[in-house]
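Here's the structure, in structure tokens; my notes come after.
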Amino acid sequence: MARREITQYFDDLDNSPLTDNEVNIIRFSIDGNNYVIDLSEDNAAEFRAALKPWIDAAQPAPTQQKSSGSRQSGPSAAAKRERSRAIREWARANGHDVSDRGKIPASVIEAYDKANS
């Protein structure tokens, strides 16, 4: 049996239906909260016009960069891979079901640490 999924967009302000070509997906942030709103071309223009005085008076926020100060580094990537390999090997030998890749369950890591401490 064939299956077709159709995505239908609606303007979040007036609930009018929008086609893929008509929808304006607008992302914005204020007070540390991120938002997304789907709007028609007209409502998107109104939204942008309403914010224009504040945007014009504002400064772009700097992008966050890693500090160049000294900080303690954790284990290297190679050390992390080796630890994961050892945990998986131990887990299989001790009856735990673990995948070859991906996140190792916390319960398995705890059991490994307890058995090897």
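By order of appearance in the structure tokens: chains A, B, ..., then residues from 1 within every chain, and ligands from 1 in the order shown.
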
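For Asp42 (chain A), the non-local neighbours within 12 Å, defined as residues at least 2 positions apart in the same chain or in other chains and counting only C-alpha atoms, are A:Asp11, A:Leu13, A:Asp14, A:Ser16, A:Leu18, A:Glu22, A:Val23, A:Asn24, A:Asp38, A:Leu39, A:Ser40, A:Ala44, A:Ala45, A:Glu46, A:Phe47, A:Arg48, A:Ala49.
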
With C-alpha atoms retained, write the just-selected residues as a compact mmCIF listing (two decimals), in the first residue's frame.
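Listing of result.txt after writing:
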```txt
# COMPACT_ATOMS: atom_id res chain seq x y z
CA ASP A 11 -0.45 31.33 8.99
CA LEU A 13 -1.53 34.78 13.08
CA ASP A 14 -4.75 34.46 11.07
CA SER A 16 -5.15 31.06 6.68
CA LEU A 18 -0.46 28.61 2.90
CA GLU A 22 3.73 31.21 0.38
CA VAL A 23 4.94 30.33 3.87
CA ASN A 24 7.51 32.60 5.54
CA ASP A 38 4.86 30.71 10.04
CA LEU A 39 3.37 33.74 8.29
CA SER A 40 1.95 34.75 4.92
CA ALA A 44 5.59 38.62 7.50
CA ALA A 45 5.99 42.12 6.03
CA GLU A 46 3.84 43.57 8.84
CA PHE A 47 5.87 41.68 11.45
CA ARG A 48 9.16 42.96 10.03
CA ALA A 49 7.80 46.51 9.73
```

Every residue of chain A that DSSP places in helix (DSSP H, G or I), as a ChimeraX atom specification:
/A:41-57,77-93,106-115

Residue subset to file, keeping N, CA and C atoms, as a short mmCIF file (atom, residue, chain, number, x, y, z; two decimals), in the first residue's frame:
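Writing done, so here's result.cif:
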```cif
data_model
loop_
_atom_site.label_atom_id
_atom_site.label_comp_id
_atom_site.auth_asym_id
_atom_site.auth_seq_id
_atom_site.Cartn_x
_atom_site.Cartn_y
_atom_site.Cartn_z
N GLU A 41 3.05 36.17 3.29
CA GLU A 41 3.92 37.26 2.86
C GLU A 41 3.49 38.59 3.48
N ASP A 42 2.17 38.87 3.47
CA ASP A 42 1.67 40.13 4.03
C ASP A 42 1.93 40.23 5.53
N ASN A 43 1.62 39.15 6.27
CA ASN A 43 1.82 39.19 7.72
C ASN A 43 3.31 39.22 8.07
N ALA A 44 4.15 38.57 7.26
CA ALA A 44 5.59 38.62 7.50
C ALA A 44 6.10 40.05 7.30
N ALA A 45 5.59 40.73 6.27
CA ALA A 45 5.99 42.12 6.03
C ALA A 45 5.55 43.02 7.19
N GLU A 46 4.33 42.80 7.69
CA GLU A 46 3.84 43.57 8.84
C GLU A 46 4.70 43.32 10.08
N PHE A 47 5.04 42.06 10.30
CA PHE A 47 5.87 41.68 11.45
C PHE A 47 7.22 42.40 11.37
N ARG A 48 7.85 42.32 10.20
CA ARG A 48 9.16 42.96 10.03
C ARG A 48 9.06 44.49 10.17
N ALA A 49 7.99 45.06 9.63
CA ALA A 49 7.80 46.51 9.73
C ALA A 49 7.60 46.94 11.18
N ALA A 50 6.86 46.13 11.94
CA ALA A 50 6.61 46.46 13.34
C ALA A 50 7.91 46.43 14.16
N LEU A 51 8.81 45.52 13.82
CA LEU A 51 10.07 45.40 14.57
C LEU A 51 11.16 46.35 14.08
N LYS A 52 10.98 46.93 12.89
CA LYS A 52 12.03 47.73 12.27
C LYS A 52 12.60 48.83 13.17
N PRO A 53 11.78 49.62 13.88
CA PRO A 53 12.37 50.66 14.73
C PRO A 53 13.31 50.10 15.80
N TRP A 54 12.95 48.97 16.36
CA TRP A 54 13.79 48.37 17.40
C TRP A 54 15.03 47.72 16.79
N ILE A 55 14.88 47.09 15.65
CA ILE A 55 16.03 46.48 14.98
C ILE A 55 17.02 47.56 14.55
N ASP A 56 16.50 48.68 14.03
CA ASP A 56 17.37 49.77 13.60
C ASP A 56 18.15 50.37 14.77
N ALA A 57 17.56 50.38 15.96
CA ALA A 57 18.22 50.95 17.13
C ALA A 57 19.14 49.95 17.83
N ALA A 77 40.01 12.50 22.06
CA ALA A 77 39.04 11.72 21.30
C ALA A 77 39.47 10.26 21.23
N ALA A 78 40.76 10.03 21.06
CA ALA A 78 41.27 8.65 20.99
C ALA A 78 41.03 7.93 22.32
N ALA A 79 41.24 8.64 23.43
CA ALA A 79 41.02 8.02 24.74
C ALA A 79 39.54 7.71 24.96
N LYS A 80 38.66 8.60 24.49
CA LYS A 80 37.22 8.35 24.61
C LYS A 80 36.81 7.14 23.78
N ARG A 81 37.35 7.04 22.55
CA ARG A 81 37.04 5.88 21.70
C ARG A 81 37.52 4.59 22.35
N GLU A 82 38.71 4.61 22.91
CA GLU A 82 39.26 3.42 23.56
C GLU A 82 38.41 3.03 24.76
N ARG A 83 37.98 4.00 25.54
CA ARG A 83 37.12 3.71 26.70
C ARG A 83 35.79 3.11 26.23
N SER A 84 35.20 3.70 25.20
CA SER A 84 33.93 3.16 24.68
C SER A 84 34.11 1.74 24.18
N ARG A 85 35.23 1.47 23.48
CA ARG A 85 35.50 0.12 22.99
C ARG A 85 35.61 -0.85 24.15
N ALA A 86 36.33 -0.46 25.19
CA ALA A 86 36.50 -1.33 26.36
C ALA A 86 35.17 -1.58 27.07
N ILE A 87 34.35 -0.55 27.18
CA ILE A 87 33.04 -0.71 27.84
C ILE A 87 32.17 -1.67 27.04
N ARG A 88 32.13 -1.50 25.71
CA ARG A 88 31.31 -2.39 24.87
C ARG A 88 31.79 -3.84 24.98
N GLU A 89 33.10 -4.03 24.94
CA GLU A 89 33.66 -5.39 25.05
C GLU A 89 33.28 -6.01 26.39
N TRP A 90 33.46 -5.25 27.47
CA TRP A 90 33.11 -5.73 28.81
C TRP A 90 31.61 -6.02 28.90
N ALA A 91 30.78 -5.11 28.36
CA ALA A 91 29.33 -5.26 28.44
C ALA A 91 28.87 -6.54 27.75
N ARG A 92 29.38 -6.80 26.56
CA ARG A 92 28.98 -8.02 25.83
C ARG A 92 29.42 -9.27 26.59
N ALA A 93 30.62 -9.23 27.15
CA ALA A 93 31.13 -10.38 27.90
C ALA A 93 30.33 -10.62 29.18
N ALA A 106 23.69 4.67 30.17
CA ALA A 106 24.34 5.07 31.42
C ALA A 106 24.44 3.91 32.40
N SER A 107 23.43 3.05 32.42
CA SER A 107 23.45 1.91 33.35
C SER A 107 24.61 0.97 33.03
N VAL A 108 24.94 0.81 31.76
CA VAL A 108 26.06 -0.05 31.37
C VAL A 108 27.38 0.60 31.77
N ILE A 109 27.50 1.90 31.56
CA ILE A 109 28.72 2.62 31.94
C ILE A 109 28.92 2.54 33.46
N GLU A 110 27.84 2.73 34.21
CA GLU A 110 27.93 2.65 35.67
C GLU A 110 28.36 1.26 36.11
N ALA A 111 27.79 0.22 35.48
CA ALA A 111 28.16 -1.15 35.83
C ALA A 111 29.62 -1.41 35.50
N TYR A 112 30.08 -0.92 34.36
CA TYR A 112 31.49 -1.07 33.97
C TYR A 112 32.40 -0.37 34.98
N ASP A 113 32.07 0.88 35.32
CA ASP A 113 32.89 1.63 36.27
C ASP A 113 32.93 0.93 37.62
N LYS A 114 31.80 0.41 38.07
CA LYS A 114 31.74 -0.28 39.35
C LYS A 114 32.58 -1.55 39.32
N ALA A 115 32.51 -2.29 38.22
CA ALA A 115 33.26 -3.55 38.11
C ALA A 115 34.76 -3.31 37.96
#
```

At a cut-off of 10 Å, using only C-alpha atoms, what residues contact Thr19 (chain A)? Leave out same-chain residues fewer than 5 positions from it and give the result as a PyMOL selection string.
chain A and resi 7-10+40

Record the distance separating CA of Pro60 (chain A) and CA of Arg27 (chain A), expressed in Å with one decimal.
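It comes out at 15.1 Å.
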
Members of chain A assigned strand (DSSP E) by DSSP, as a JSON list (two decimals) with N, CA and C atoms, in the first residue's frame:
```
[["chain", "number", "residue", "atom", "x", "y", "z"],
["A", 9, "TYR", "N", 0.66, 24.07, 5.55],
["A", 9, "TYR", "CA", 1.05, 25.20, 6.39],
["A", 9, "TYR", "C", -0.15, 26.11, 6.60],
["A", 10, "PHE", "N", -0.17, 26.74, 7.78],
["A", 10, "PHE", "CA", -1.19, 27.74, 8.10],
["A", 10, "PHE", "C", -0.49, 28.94, 8.72],
["A", 17, "PRO", "N", -4.68, 29.14, 5.20],
["A", 17, "PRO", "CA", -3.82, 28.11, 4.63],
["A", 17, "PRO", "C", -2.76, 28.73, 3.72],
["A", 18, "LEU", "N", -1.57, 28.12, 3.71],
["A", 18, "LEU", "CA", -0.46, 28.61, 2.90],
["A", 18, "LEU", "C", 0.15, 27.45, 2.12],
["A", 24, "ASN", "N", 6.30, 31.92, 5.08],
["A", 24, "ASN", "CA", 7.51, 32.60, 5.54],
["A", 24, "ASN", "C", 7.77, 32.11, 6.95],
["A", 25, "ILE", "N", 8.81, 31.33, 7.12],
["A", 25, "ILE", "CA", 9.15, 30.80, 8.44],
["A", 25, "ILE", "C", 10.13, 31.78, 9.07],
["A", 26, "ILE", "N", 9.69, 32.44, 10.13],
["A", 26, "ILE", "CA", 10.49, 33.48, 10.76],
["A", 26, "ILE", "C", 10.92, 33.00, 12.14],
["A", 27, "ARG", "N", 12.22, 33.07, 12.38],
["A", 27, "ARG", "CA", 12.78, 32.71, 13.69],
["A", 27, "ARG", "C", 13.24, 34.01, 14.35],
["A", 28, "PHE", "N", 12.94, 34.13, 15.64],
["A", 28, "PHE", "CA", 13.38, 35.31, 16.37],
["A", 28, "PHE", "C", 13.57, 34.96, 17.83],
["A", 29, "SER", "N", 14.31, 35.81, 18.52],
["A", 29, "SER", "CA", 14.61, 35.59, 19.94],
["A", 29, "SER", "C", 14.40, 36.89, 20.69],
["A", 30, "ILE", "N", 13.95, 36.75, 21.93],
["A", 30, "ILE", "CA", 13.83, 37.90, 22.83],
["A", 30, "ILE", "C", 13.94, 37.39, 24.26],
["A", 33, "ASN", "N", 14.66, 33.74, 24.90],
["A", 33, "ASN", "CA", 13.71, 32.74, 24.41],
["A", 33, "ASN", "C", 13.68, 32.77, 22.89],
["A", 34, "ASN", "N", 13.74, 31.59, 22.27],
["A", 34, "ASN", "CA", 13.72, 31.47, 20.82],
["A", 34, "ASN", "C", 12.31, 31.11, 20.35],
["A", 35, "TYR", "N", 11.90, 31.71, 19.25],
["A", 35, "TYR", "CA", 10.56, 31.49, 18.71],
["A", 35, "TYR", "C", 10.64, 31.23, 17.21],
["A", 36, "VAL", "N", 9.62, 30.58, 16.67],
["A", 36, "VAL", "CA", 9.46, 30.41, 15.23],
["A", 36, "VAL", "C", 7.99, 30.62, 14.92],
["A", 37, "ILE", "N", 7.72, 31.32, 13.83],
["A", 37, "ILE", "CA", 6.34, 31.60, 13.45],
["A", 37, "ILE", "C", 6.22, 31.47, 11.93],
["A", 38, "ASP", "N", 5.14, 30.84, 11.47],
["A", 38, "ASP", "CA", 4.86, 30.71, 10.04],
["A", 38, "ASP", "C", 3.86, 31.80, 9.66],
["A", 39, "LEU", "N", 4.22, 32.62, 8.68],
["A", 39, "LEU", "CA", 3.37, 33.74, 8.29],
["A", 39, "LEU", "C", 3.24, 33.84, 6.77]]
```

Between CA of Asp97 (chain A) and CA of Asn116 (chain A) - distance in Å to one decimal:
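For CA of Asn116 (chain A) relative to CA of Asp97 (chain A), the distance reads 18.6 Å.
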